[in-house]
Each structure stands twice: as C-alpha cells, then as structure tokens.
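model.cif (mmCIF, C-alpha atoms; chains and numbers go by the auth columns) appears below.
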data_work
loop_
_atom_site.group_PDB
_atom_site.id
_atom_site.type_symbol
_atom_site.label_atom_id
_atom_site.label_comp_id
_atom_site.label_asym_id
_atom_site.label_seq_id
_atom_site.Cartn_x
_atom_site.Cartn_y
_atom_site.Cartn_z
_atom_site.B_iso_or_equiv
_atom_site.auth_seq_id
_atom_site.auth_asym_id
ATOM 1 C CA MET A 1 28.500 -7.558 0.431 0.00 104 K
ATOM 2 C CA TYR A 2 27.011 -6.256 3.640 0.00 105 K
ATOM 3 C CA ASP A 3 29.184 -4.918 6.453 0.00 106 K
ATOM 4 C CA LYS A 4 29.709 -7.693 9.014 0.00 107 K
ATOM 5 C CA ARG A 5 31.009 -5.338 11.679 0.00 108 K
ATOM 6 C CA LYS A 6 28.902 -4.365 14.657 0.00 109 K
ATOM 7 C CA ILE A 7 27.185 -1.014 14.188 0.00 110 K
ATOM 8 C CA LYS A 8 29.491 0.623 16.778 0.00 111 K
ATOM 9 C CA GLU A 9 32.542 -0.589 14.816 0.00 112 K
ATOM 10 C CA ILE A 10 31.392 1.134 11.601 0.00 113 K
ATOM 11 C CA PRO A 11 32.527 4.762 11.165 0.00 114 K
ATOM 12 C CA GLU A 12 29.625 6.937 12.234 0.00 115 K
ATOM 13 C CA GLU A 13 29.110 8.524 8.805 0.00 116 K
ATOM 14 C CA ASN A 14 28.709 5.062 7.218 0.00 117 K
ATOM 15 C CA ARG A 15 26.145 3.678 9.669 0.00 118 K
ATOM 16 C CA PRO A 16 22.730 3.147 8.045 0.00 119 K
ATOM 17 C CA TYR A 17 20.931 6.091 9.713 0.00 120 K
ATOM 18 C CA GLU A 18 23.769 8.535 9.174 0.00 121 K
ATOM 19 C CA LYS A 19 24.432 7.292 5.646 0.00 122 K
ATOM 20 C CA CYS A 20 20.762 7.852 4.785 0.00 123 K
ATOM 21 C CA LEU A 21 20.884 11.421 6.103 0.00 124 K
ATOM 22 C CA ARG A 22 24.157 12.123 4.298 0.00 125 K
ATOM 23 C CA LEU A 23 23.535 10.482 0.901 0.00 126 K
ATOM 24 C CA GLY A 24 19.796 9.855 0.734 0.00 127 K
ATOM 25 C CA VAL A 25 17.736 6.705 1.175 0.00 128 K
ATOM 26 C CA GLN A 26 18.562 5.500 -2.357 0.00 129 K
ATOM 27 C CA ALA A 27 22.207 5.040 -1.313 0.00 130 K
ATOM 28 C CA LEU A 28 21.359 2.321 1.226 0.00 131 K
ATOM 29 C CA THR A 29 21.788 -1.351 0.407 0.00 132 K
ATOM 30 C CA ASP A 30 18.871 -3.741 0.953 0.00 133 K
ATOM 31 C CA GLU A 31 20.456 -4.878 4.251 0.00 134 K
ATOM 32 C CA GLU A 32 20.887 -1.281 5.393 0.00 135 K
ATOM 33 C CA LEU A 33 17.286 -0.381 4.536 0.00 136 K
ATOM 34 C CA LEU A 34 15.981 -3.353 6.493 0.00 137 K
ATOM 35 C CA ALA A 35 18.361 -2.627 9.389 0.00 138 K
ATOM 36 C CA VAL A 36 16.964 0.903 9.677 0.00 139 K
ATOM 37 C CA LEU A 37 13.433 -0.497 9.850 0.00 140 K
ATOM 38 C CA LEU A 38 14.457 -3.154 12.390 0.00 141 K
ATOM 39 C CA ARG A 39 15.926 -0.282 14.478 0.00 142 K
ATOM 40 C CA SER A 40 18.134 -2.468 16.680 0.00 143 K
ATOM 41 C CA GLY A 41 19.856 -5.800 16.853 0.00 144 K
ATOM 42 C CA SER A 42 19.945 -8.462 19.543 0.00 145 K
ATOM 43 C CA LYS A 43 22.500 -9.462 22.154 0.00 146 K
ATOM 44 C CA ASP A 44 24.412 -11.588 19.627 0.00 147 K
ATOM 45 C CA SER A 45 23.623 -9.928 16.292 0.00 148 K
ATOM 46 C CA SER A 46 23.541 -6.406 14.901 0.00 149 K
ATOM 47 C CA ALA A 47 20.532 -5.105 12.979 0.00 150 K
ATOM 48 C CA LEU A 48 22.621 -5.544 9.817 0.00 151 K
ATOM 49 C CA ASP A 49 23.295 -9.199 10.701 0.00 152 K
ATOM 50 C CA ILE A 50 19.598 -9.873 11.240 0.00 153 K
ATOM 51 C CA ALA A 51 18.675 -8.045 8.024 0.00 154 K
ATOM 52 C CA HIS A 52 21.202 -10.133 6.076 0.00 155 K
ATOM 53 C CA LYS A 53 19.797 -13.379 7.496 0.00 156 K
ATOM 54 C CA VAL A 54 16.235 -12.330 6.650 0.00 157 K
ATOM 55 C CA LEU A 55 17.178 -11.534 3.057 0.00 158 K
ATOM 56 C CA HIS A 56 18.910 -14.911 2.620 0.00 159 K
ATOM 57 C CA LEU A 57 16.416 -17.138 4.448 0.00 160 K
ATOM 58 C CA SER A 58 14.160 -17.978 1.502 0.00 161 K
ATOM 59 C CA LYS A 59 15.403 -20.976 -0.480 0.00 162 K
ATOM 60 C CA ASP A 60 13.619 -19.942 -3.665 0.00 163 K
ATOM 61 C CA LYS A 61 14.097 -16.181 -3.828 0.00 164 K
ATOM 62 C CA LYS A 62 16.901 -14.242 -2.198 0.00 165 K
ATOM 63 C CA GLY A 63 16.728 -10.598 -1.246 0.00 166 K
ATOM 64 C CA LEU A 64 13.636 -8.487 -0.756 0.00 167 K
ATOM 65 C CA GLN A 65 11.503 -10.780 -2.936 0.00 168 K
ATOM 66 C CA GLY A 66 11.972 -13.547 -0.396 0.00 169 K
ATOM 67 C CA LEU A 67 10.041 -11.541 2.193 0.00 170 K
ATOM 68 C CA TYR A 68 6.802 -12.322 0.368 0.00 171 K
ATOM 69 C CA GLN A 69 7.330 -16.063 0.699 0.00 172 K
ATOM 70 C CA LEU A 70 8.598 -16.271 4.273 0.00 173 K
ATOM 71 C CA SER A 71 6.107 -17.197 6.969 0.00 174 K
ATOM 72 C CA ILE A 72 6.100 -15.772 10.478 0.00 175 K
ATOM 73 C CA PRO A 73 7.435 -19.076 11.953 0.00 176 K
ATOM 74 C CA GLN A 74 10.257 -19.050 9.389 0.00 177 K
ATOM 75 C CA LEU A 75 11.185 -15.481 10.286 0.00 178 K
ATOM 76 C CA LYS A 76 11.100 -16.334 13.991 0.00 179 K
ATOM 77 C CA SER A 77 13.681 -19.054 13.357 0.00 180 K
ATOM 78 C CA ILE A 78 16.257 -16.258 13.022 0.00 181 K
ATOM 79 C CA ARG A 79 17.905 -15.436 16.328 0.00 182 K
ATOM 80 C CA GLY A 80 16.839 -11.941 17.297 0.00 183 K
ATOM 81 C CA VAL A 81 13.490 -12.068 15.470 0.00 184 K
ATOM 82 C CA GLY A 82 10.500 -12.562 17.756 0.00 185 K
ATOM 83 C CA THR A 83 6.801 -12.433 16.997 0.00 186 K
ATOM 84 C CA VAL A 84 6.647 -8.626 16.890 0.00 187 K
ATOM 85 C CA ARG A 85 9.576 -8.322 14.489 0.00 188 K
ATOM 86 C CA ALA A 86 8.302 -11.164 12.319 0.00 189 K
ATOM 87 C CA VAL A 87 4.947 -9.386 11.977 0.00 190 K
ATOM 88 C CA GLN A 88 6.727 -6.103 11.214 0.00 191 K
ATOM 89 C CA LEU A 89 8.763 -7.768 8.462 0.00 192 K
ATOM 90 C CA LYS A 90 5.678 -9.329 6.874 0.00 193 K
ATOM 91 C CA CYS A 91 3.980 -5.926 6.998 0.00 194 K
ATOM 92 C CA ILE A 92 6.972 -4.329 5.267 0.00 195 K
ATOM 93 C CA GLY A 93 6.615 -6.818 2.403 0.00 196 K
ATOM 94 C CA GLU A 94 2.867 -6.282 2.134 0.00 197 K
ATOM 95 C CA LEU A 95 3.229 -2.497 2.301 0.00 198 K
ATOM 96 C CA SER A 96 5.754 -2.465 -0.541 0.00 199 K
ATOM 97 C CA LYS A 97 3.406 -4.594 -2.663 0.00 200 K
ATOM 98 C CA ARG A 98 0.461 -2.280 -2.012 0.00 201 K
ATOM 99 C CA ILE A 99 2.526 0.803 -2.855 0.00 202 K
ATOM 100 C CA ALA A 100 3.467 -0.768 -6.206 0.00 203 K
ATOM 101 C CA VAL A 101 -0.152 -1.726 -6.934 0.00 204 K
ATOM 102 C CA CYS A 102 -1.376 1.757 -5.976 0.00 205 K
ATOM 103 C CA ALA A 103 1.132 3.396 -8.323 0.00 206 K
ATOM 104 C CA ALA A 104 0.168 1.061 -11.176 0.00 207 K
ATOM 105 C CA ARG A 105 -3.571 1.637 -10.635 0.00 208 K
ATOM 106 C CA LYS A 106 -3.303 5.268 -11.751 0.00 209 K
ATOM 107 C CA GLY A 107 -2.142 4.306 -15.227 0.00 210 K
ATOM 108 C CA ILE A 108 -4.136 1.138 -15.833 0.00 211 K
ATOM 109 C CA SER A 109 -5.949 0.808 -19.137 0.00 212 K
ATOM 110 C CA PHE A 110 -7.644 -2.449 -19.988 0.00 213 K
ATOM 111 C CA ASP A 111 -6.957 -1.670 -23.656 0.00 214 K
ATOM 112 C CA ASN A 112 -3.216 -1.792 -22.936 0.00 215 K
ATOM 113 C CA PRO A 113 -1.727 -5.199 -21.994 0.00 216 K
ATOM 114 C CA GLY A 114 1.390 -3.528 -20.585 0.00 217 K
ATOM 115 C CA SER A 115 -0.541 -1.429 -18.085 0.00 218 K
ATOM 116 C CA VAL A 116 -2.693 -4.414 -17.065 0.00 219 K
ATOM 117 C CA ALA A 117 0.459 -6.489 -16.492 0.00 220 K
ATOM 118 C CA GLU A 118 2.041 -3.683 -14.464 0.00 221 K
ATOM 119 C CA TYR A 119 -1.046 -3.417 -12.285 0.00 222 K
ATOM 120 C CA TYR A 120 -1.135 -7.138 -11.453 0.00 223 K
ATOM 121 C CA MET A 121 2.638 -7.733 -11.416 0.00 224 K
ATOM 122 C CA GLU A 122 3.285 -7.189 -7.689 0.00 225 K
ATOM 123 C CA GLN A 123 0.048 -8.872 -6.721 0.00 226 K
ATOM 124 C CA LEU A 124 0.811 -12.090 -8.613 0.00 227 K
ATOM 125 C CA ARG A 125 4.505 -12.536 -9.344 0.00 228 K
ATOM 126 C CA HIS A 126 5.349 -13.607 -5.786 0.00 229 K
ATOM 127 C CA GLU A 127 2.609 -16.231 -5.514 0.00 230 K
ATOM 128 C CA GLU A 128 3.736 -19.853 -5.201 0.00 231 K
ATOM 129 C CA GLN A 129 0.560 -21.183 -6.856 0.00 232 K
ATOM 130 C CA GLU A 130 -1.121 -20.163 -10.078 0.00 233 K
ATOM 131 C CA HIS A 131 -4.024 -17.742 -9.606 0.00 234 K
ATOM 132 C CA LEU A 132 -6.504 -17.206 -12.419 0.00 235 K
ATOM 133 C CA LEU A 133 -8.362 -13.886 -12.318 0.00 236 K
ATOM 134 C CA CYS A 134 -11.184 -12.765 -14.573 0.00 237 K
ATOM 135 C CA MET A 135 -11.974 -9.087 -15.194 0.00 238 K
ATOM 136 C CA MET A 136 -15.478 -8.217 -16.317 0.00 239 K
ATOM 137 C CA LEU A 137 -15.492 -5.233 -18.705 0.00 240 K
ATOM 138 C CA ASP A 138 -18.150 -2.852 -20.021 0.00 241 K
ATOM 139 C CA CYS A 139 -18.517 -1.569 -23.589 0.00 242 K
ATOM 140 C CA LYS A 140 -15.686 0.933 -23.056 0.00 243 K
ATOM 141 C CA ASN A 141 -13.383 -1.678 -21.512 0.00 244 K
ATOM 142 C CA HIS A 142 -13.828 -0.257 -18.020 0.00 245 K
ATOM 143 C CA ARG A 143 -13.674 -2.825 -15.253 0.00 246 K
ATOM 144 C CA LEU A 144 -17.029 -3.797 -13.769 0.00 247 K
ATOM 145 C CA GLY A 145 -15.576 -6.324 -11.376 0.00 248 K
ATOM 146 C CA GLU A 146 -12.921 -8.957 -10.776 0.00 249 K
ATOM 147 C CA GLU A 147 -13.197 -12.560 -9.625 0.00 250 K
ATOM 148 C CA LEU A 148 -10.568 -15.079 -8.538 0.00 251 K
ATOM 149 C CA LEU A 149 -11.623 -18.171 -10.466 0.00 252 K
ATOM 150 C CA PHE A 150 -9.254 -20.619 -8.815 0.00 253 K
ATOM 151 C CA LYS A 151 -5.813 -21.349 -7.373 0.00 254 K
ATOM 152 C CA GLY A 152 -3.789 -24.254 -8.699 0.00 255 K
ATOM 153 C CA THR A 153 -2.610 -25.326 -12.123 0.00 256 K
ATOM 154 C CA VAL A 154 -4.323 -24.001 -15.236 0.00 257 K
ATOM 155 C CA ASN A 155 -5.626 -26.934 -17.279 0.00 258 K
ATOM 156 C CA THR A 156 -8.683 -27.844 -19.282 0.00 259 K
ATOM 157 C CA SER A 157 -10.187 -30.023 -16.543 0.00 260 K
ATOM 158 C CA VAL A 158 -10.480 -27.297 -13.896 0.00 261 K
ATOM 159 C CA VAL A 159 -11.173 -24.156 -15.946 0.00 262 K
ATOM 160 C CA SER A 160 -14.830 -24.196 -16.925 0.00 263 K
ATOM 161 C CA PRO A 161 -16.001 -21.689 -19.568 0.00 264 K
ATOM 162 C CA ARG A 162 -19.502 -22.169 -18.166 0.00 265 K
ATOM 163 C CA GLU A 163 -18.491 -20.840 -14.729 0.00 266 K
ATOM 164 C CA ILE A 164 -16.550 -17.977 -16.290 0.00 267 K
ATOM 165 C CA PHE A 165 -19.437 -16.763 -18.417 0.00 268 K
ATOM 166 C CA LEU A 166 -22.038 -17.225 -15.691 0.00 269 K
ATOM 167 C CA CYS A 167 -19.857 -14.864 -13.684 0.00 270 K
ATOM 168 C CA ALA A 168 -19.553 -12.460 -16.650 0.00 271 K
ATOM 169 C CA ILE A 169 -23.315 -12.456 -17.192 0.00 272 K
ATOM 170 C CA SER A 170 -23.937 -11.698 -13.507 0.00 273 K
ATOM 171 C CA TYR A 171 -21.899 -8.501 -13.973 0.00 274 K
ATOM 172 C CA HIS A 172 -23.644 -7.690 -17.285 0.00 275 K
ATOM 173 C CA ALA A 173 -20.191 -7.715 -18.866 0.00 276 K
ATOM 174 C CA VAL A 174 -19.713 -7.220 -22.591 0.00 277 K
ATOM 175 C CA GLY A 175 -16.155 -8.533 -22.517 0.00 278 K
ATOM 176 C CA ILE A 176 -13.753 -10.380 -20.231 0.00 279 K
ATOM 177 C CA LEU A 177 -10.013 -10.361 -19.648 0.00 280 K
ATOM 178 C CA LEU A 178 -8.059 -13.169 -17.999 0.00 281 K
ATOM 179 C CA VAL A 179 -4.874 -12.795 -15.957 0.00 282 K
ATOM 180 C CA HIS A 180 -2.893 -15.564 -14.355 0.00 283 K
ATOM 181 C CA ASN A 181 0.632 -16.032 -13.036 0.00 284 K
ATOM 182 C CA HIS A 182 3.423 -18.529 -13.584 0.00 285 K
ATOM 183 C CA PRO A 183 5.282 -19.121 -10.279 0.00 286 K
ATOM 184 C CA SER A 184 8.343 -20.225 -12.278 0.00 287 K
ATOM 185 C CA GLY A 185 8.757 -16.614 -13.399 0.00 288 K
ATOM 186 C CA ASP A 186 8.586 -17.554 -17.095 0.00 289 K
ATOM 187 C CA PRO A 187 5.404 -16.120 -18.653 0.00 290 K
ATOM 188 C CA SER A 188 5.600 -18.224 -21.816 0.00 291 K
ATOM 189 C CA PRO A 189 2.209 -19.918 -22.400 0.00 292 K
ATOM 190 C CA SER A 190 2.058 -23.696 -22.012 0.00 293 K
ATOM 191 C CA GLN A 191 -0.005 -25.930 -24.270 0.00 294 K
ATOM 192 C CA ALA A 192 -2.583 -26.128 -21.489 0.00 295 K
ATOM 193 C CA ASP A 193 -2.715 -22.317 -21.345 0.00 296 K
ATOM 194 C CA ILE A 194 -3.287 -22.156 -25.098 0.00 297 K
ATOM 195 C CA GLN A 195 -5.975 -24.875 -25.073 0.00 298 K
ATOM 196 C CA VAL A 196 -7.853 -23.275 -22.172 0.00 299 K
ATOM 197 C CA THR A 197 -7.704 -19.856 -23.811 0.00 300 K
ATOM 198 C CA LYS A 198 -9.031 -21.181 -27.129 0.00 301 K
ATOM 199 C CA ARG A 199 -11.973 -22.871 -25.380 0.00 302 K
ATOM 200 C CA ILE A 200 -12.861 -19.713 -23.470 0.00 303 K
ATOM 201 C CA ALA A 201 -12.477 -17.506 -26.564 0.00 304 K
ATOM 202 C CA ALA A 202 -14.734 -19.838 -28.588 0.00 305 K
ATOM 203 C CA ALA A 203 -17.393 -19.823 -25.855 0.00 306 K
ATOM 204 C CA GLY A 204 -17.179 -16.043 -25.620 0.00 307 K
ATOM 205 C CA ALA A 205 -17.698 -15.675 -29.366 0.00 308 K
ATOM 206 C CA LEU A 206 -20.886 -17.766 -29.154 0.00 309 K
ATOM 207 C CA LEU A 207 -22.223 -15.720 -26.231 0.00 310 K
ATOM 208 C CA ASP A 208 -21.134 -12.393 -27.717 0.00 311 K
ATOM 209 C CA ILE A 209 -18.933 -11.749 -24.654 0.00 312 K
ATOM 210 C CA PRO A 210 -15.485 -11.734 -26.262 0.00 313 K
ATOM 211 C CA LEU A 211 -12.266 -12.646 -24.510 0.00 314 K
ATOM 212 C CA ILE A 212 -10.316 -9.385 -24.893 0.00 315 K
ATOM 213 C CA ASP A 213 -6.974 -10.812 -23.778 0.00 316 K
ATOM 214 C CA HIS A 214 -5.273 -13.396 -21.603 0.00 317 K
ATOM 215 C CA ILE A 215 -2.192 -12.074 -19.830 0.00 318 K
ATOM 216 C CA ILE A 216 0.341 -14.316 -18.097 0.00 319 K
ATOM 217 C CA ILE A 217 2.411 -12.721 -15.342 0.00 320 K
ATOM 218 C CA GLY A 218 5.985 -13.887 -14.792 0.00 321 K
ATOM 219 C CA ASP A 219 8.797 -12.373 -12.760 0.00 322 K
ATOM 220 C CA CYS A 220 8.813 -8.765 -14.019 0.00 323 K
ATOM 221 C CA ARG A 221 7.759 -10.092 -17.440 0.00 324 K
ATOM 222 C CA TYR A 222 4.436 -10.849 -19.058 0.00 325 K
ATOM 223 C CA THR A 223 2.891 -12.442 -22.126 0.00 326 K
ATOM 224 C CA SER A 224 -0.230 -11.086 -23.818 0.00 327 K
ATOM 225 C CA PHE A 225 -2.136 -13.536 -26.014 0.00 328 K
ATOM 226 C CA ARG A 226 -3.514 -10.570 -27.935 0.00 329 K
ATOM 227 C CA GLU A 227 -0.078 -9.085 -28.593 0.00 330 K
ATOM 228 C CA ARG A 228 1.195 -12.453 -29.772 0.00 331 K
ATOM 229 C CA GLY A 229 -1.783 -12.971 -32.068 0.00 332 K
ATOM 230 C CA LEU A 230 -2.852 -16.080 -30.158 0.00 333 K
ATOM 231 C CA ILE A 231 -6.451 -14.877 -29.906 0.00 334 K
ATOM 232 C CA GLU A 232 -8.581 -12.881 -32.307 0.00 335 K
ATOM 233 C CA THR A 233 -10.002 -9.583 -31.071 0.00 336 K
#
Show me the file's structure as structure tokens.
Amino acid sequence: MYDKRKIKEIPEENRPYEKCLRLGVQALTDEELLAVLLRSGSKDSSALDIAHKVLHLSKDKKGLQGLYQLSIPQLKSIRGVGTVRAVQLKCIGELSKRIAVCAARKGISFDNPGSVAEYYMEQLRHEEQEHLLCMMLDCKNHRLGEELLFKGTVNTSVVSPREIFLCAISYHAVGILLVHNHPSGDPSPSQADIQVTKRIAAAGALLDIPLIDHIIIGDCRYTSFRERGLIET
C-alpha cells in the first residue's frame, strides 16, 4: 500500500527523498521511486498520488511493467500529467529496458539459450504483438546480423522459409536462430510454432544453413526448442 497522505503530512524521515538518503534507493516502493522522478505533484494530487495512478492505469499489466504499454495520451489522462511528464514517464520505461538489454549483452552467447533469452527478454516481453526475429550466425555462432521478419501471429501462412533463407544467404550465414515472443506471457510452443519451426529446420538442412534454435520469450520465462529436443542440432 502506498501512503495516501500529502507529502507534507508524512514524517520528514519517511518522505521519498529523505527515505532514499537514509535507507538507500532499494528501500523505496515503486510509487516512491516514481514520485522522486516526478519531483512534484499538482494542485490536487501529491507526487505519490500521481505515481500510484500511473502504476495502476494499464488494464493488462499493473505496476512498472504497465509503463511500457501506456501511450502518451493515456498518461495525459491522469490529472497532473501533461505532455512533458508523459514524455518523461515513457522515457523512464525505455531507459529501464535499455539498461536491462545492455547488462544482458555482456553475457550473451548464442550457444546458450538462457543467455539469448535474457538478452531479448526486456526487448520482447512487453510487446502486445508477436515479433519474430532471425539472427544470422557465423561458423563460431557469432552474430552477423539480426532481422525482424514480421509482427503479428506466427503461423505457417505468413512465415516463409524462402524469405528467411534469402536473408541468411545475404549475410553469408552458416546458421540461424529464431526468437519470438508470446504476449500472453506463456512461452509454451503452440502447434503453429512447432509446425513453422519444423518447416524452417527442414529447409535449413537442405540448404546446409541449420536452424540452431528457436526461442520463445514469455514473461520472465522462455522456451528453447533445442533444450526441449524439439529440433535436431
């Protein structure tokens, strides 16, 4: 529960700024962290009130995750949030995502499904549509390039092995790796996922450009086709 009192009504040592200085930033609640970044409230609402409303505005995801999904007009619907604050809030969400991606980049290994999933987790787990990415790899499984193949629903009618391998050949790739997200948060492969993956793996075997793995990103979870034995490597 966040503190509904006005900032002036909260004992000084428990106000967000002072609490941070006294106990460290890790001691702040999500509302308190956002209130510090908002800096001030409005005539009718404290910074804590506005922060609470922001974190509960998204219908699908509450808390900090909701920031990724909220648009600037949605944020501006909150009393006390104008264009400048709405832009600041969107930038906070984007900055946190980039920090997570930057940290994951240092440990990424395309031989390790867990590190690949960690690298793409923040980039993909907040998306409301499915994104299918293809990584082109060299003989040592180093990434040569990455292409967004499409946005939408993964099914056999829209995912063309021909387009995938034309792309792979243009990079002189000797292997490919697919990553896509499930907006539901459940990374379990659907029948369509399995059928598409089998078609791509079969085409790769014929062209001698093997499909190294297909990783599905959920909400802080992932599924690796290779780990599950759903493709041969």
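Residue nearest Leu281 (chain K), chosen from K:Val139, K:Val184, K:Leu198, K:Ile319 and counting all atoms listed in the file: K:Ile319.
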What are the centre and edge lengths in Å, to one decimal, of the axis-aligned box around all listed atoms of region 279-284 of chain K with 8 Å added on each side, as JSON?
{"center_x": -6.6, "center_y": -13.2, "center_z": -16.6, "size_x": 30.4, "size_y": 21.7, "size_z": 23.2}
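Between CA of Gly144 (chain K) and CA of Gln172 (chain K) there is a distance of 22.9 Å.
This file, queried with the PyMOL selection byres ((chain K and resi 145) around 12), gives the residues Lys109, Ile110, Ala138, Leu141, Arg142, Ser143, Gly144, Lys146, Asp147, Ser148, Ser149, Ala150, Leu151, Asp152, Ile153, Ala154, Ile181, Arg182, Gly183, Val184, Gly185 and Arg188 of chain K.
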Subject >> Nearest to Met224 (chain K) by atom-to-atom distance, counting all atoms listed in the file, from K:Ser263, K:Thr256, K:Thr326, K:Gln129 >> reply: K:Thr326
To verify the selection step, state as a PDB file with C-alpha atoms, in the frame of the given file which residues the PyMOL selection byres ((chain K and resi 226) around 9) yields on this input.
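Once written, part.pdb looks like this:
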ATOM      1  CA  LYS K 200       3.406  -4.594  -2.663  1.00  0.00           C
ATOM      2  CA  ARG K 201       0.461  -2.280  -2.012  1.00  0.00           C
ATOM      3  CA  ALA K 203       3.467  -0.768  -6.206  1.00  0.00           C
ATOM      4  CA  VAL K 204      -0.152  -1.726  -6.934  1.00  0.00           C
ATOM      5  CA  TYR K 222      -1.046  -3.417 -12.285  1.00  0.00           C
ATOM      6  CA  TYR K 223      -1.135  -7.138 -11.453  1.00  0.00           C
ATOM      7  CA  MET K 224       2.638  -7.733 -11.416  1.00  0.00           C
ATOM      8  CA  GLU K 225       3.285  -7.189  -7.689  1.00  0.00           C
ATOM      9  CA  LEU K 227       0.811 -12.090  -8.613  1.00  0.00           C
ATOM     10  CA  ARG K 228       4.505 -12.536  -9.344  1.00  0.00           C
ATOM     11  CA  HIS K 229       5.349 -13.607  -5.786  1.00  0.00           C
ATOM     12  CA  GLU K 230       2.609 -16.231  -5.514  1.00  0.00           C
TER      13      GLU K 230
END
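Considering all atoms listed in the file, the residue among K:Asp311, K:Asp241, K:Glu330, K:Asp163 positioned nearest to Gly288 (chain K) is K:Asp163.
Every residue that the PyMOL selection byres ((chain K and resi 232) around 7) selects in this file is listed here: Glu230, Glu231, Glu233, His234, Lys254, Gly255 and Pro286 of chain K.
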Original post:
Which of these residues is nearest to Gly307 (chain K), using only C-alpha atoms: K:Glu266, K:Asp322, K:Glu116, K:Glu221?
Top reply: K:Glu266
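Computed from the coordinates, the CA of Ile175 (chain K) to CA of Leu137 (chain K) distance equals 16.4 Å.
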**OP:** Pick out the residues sitting within 7 Å of Tyr325 (chain K), and hand them over as an MDAnalysis selection string; count all atoms listed in the file, and ignore anything fewer than 6 positions along from it in its own chain.
**Re:** chainID K and resid 220 290 318:319
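Here CA of Pro292 (chain K) is placed at a distance of 23.7 Å from CA of Ala271 (chain K).
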Subject >> Expected answer as a VMD selection string: all residues with atoms within 12 Å of (-18.5, -2.7, -13.2), all atoms listed in the file >> reply: chain K and resid 238 to 250 271 to 279
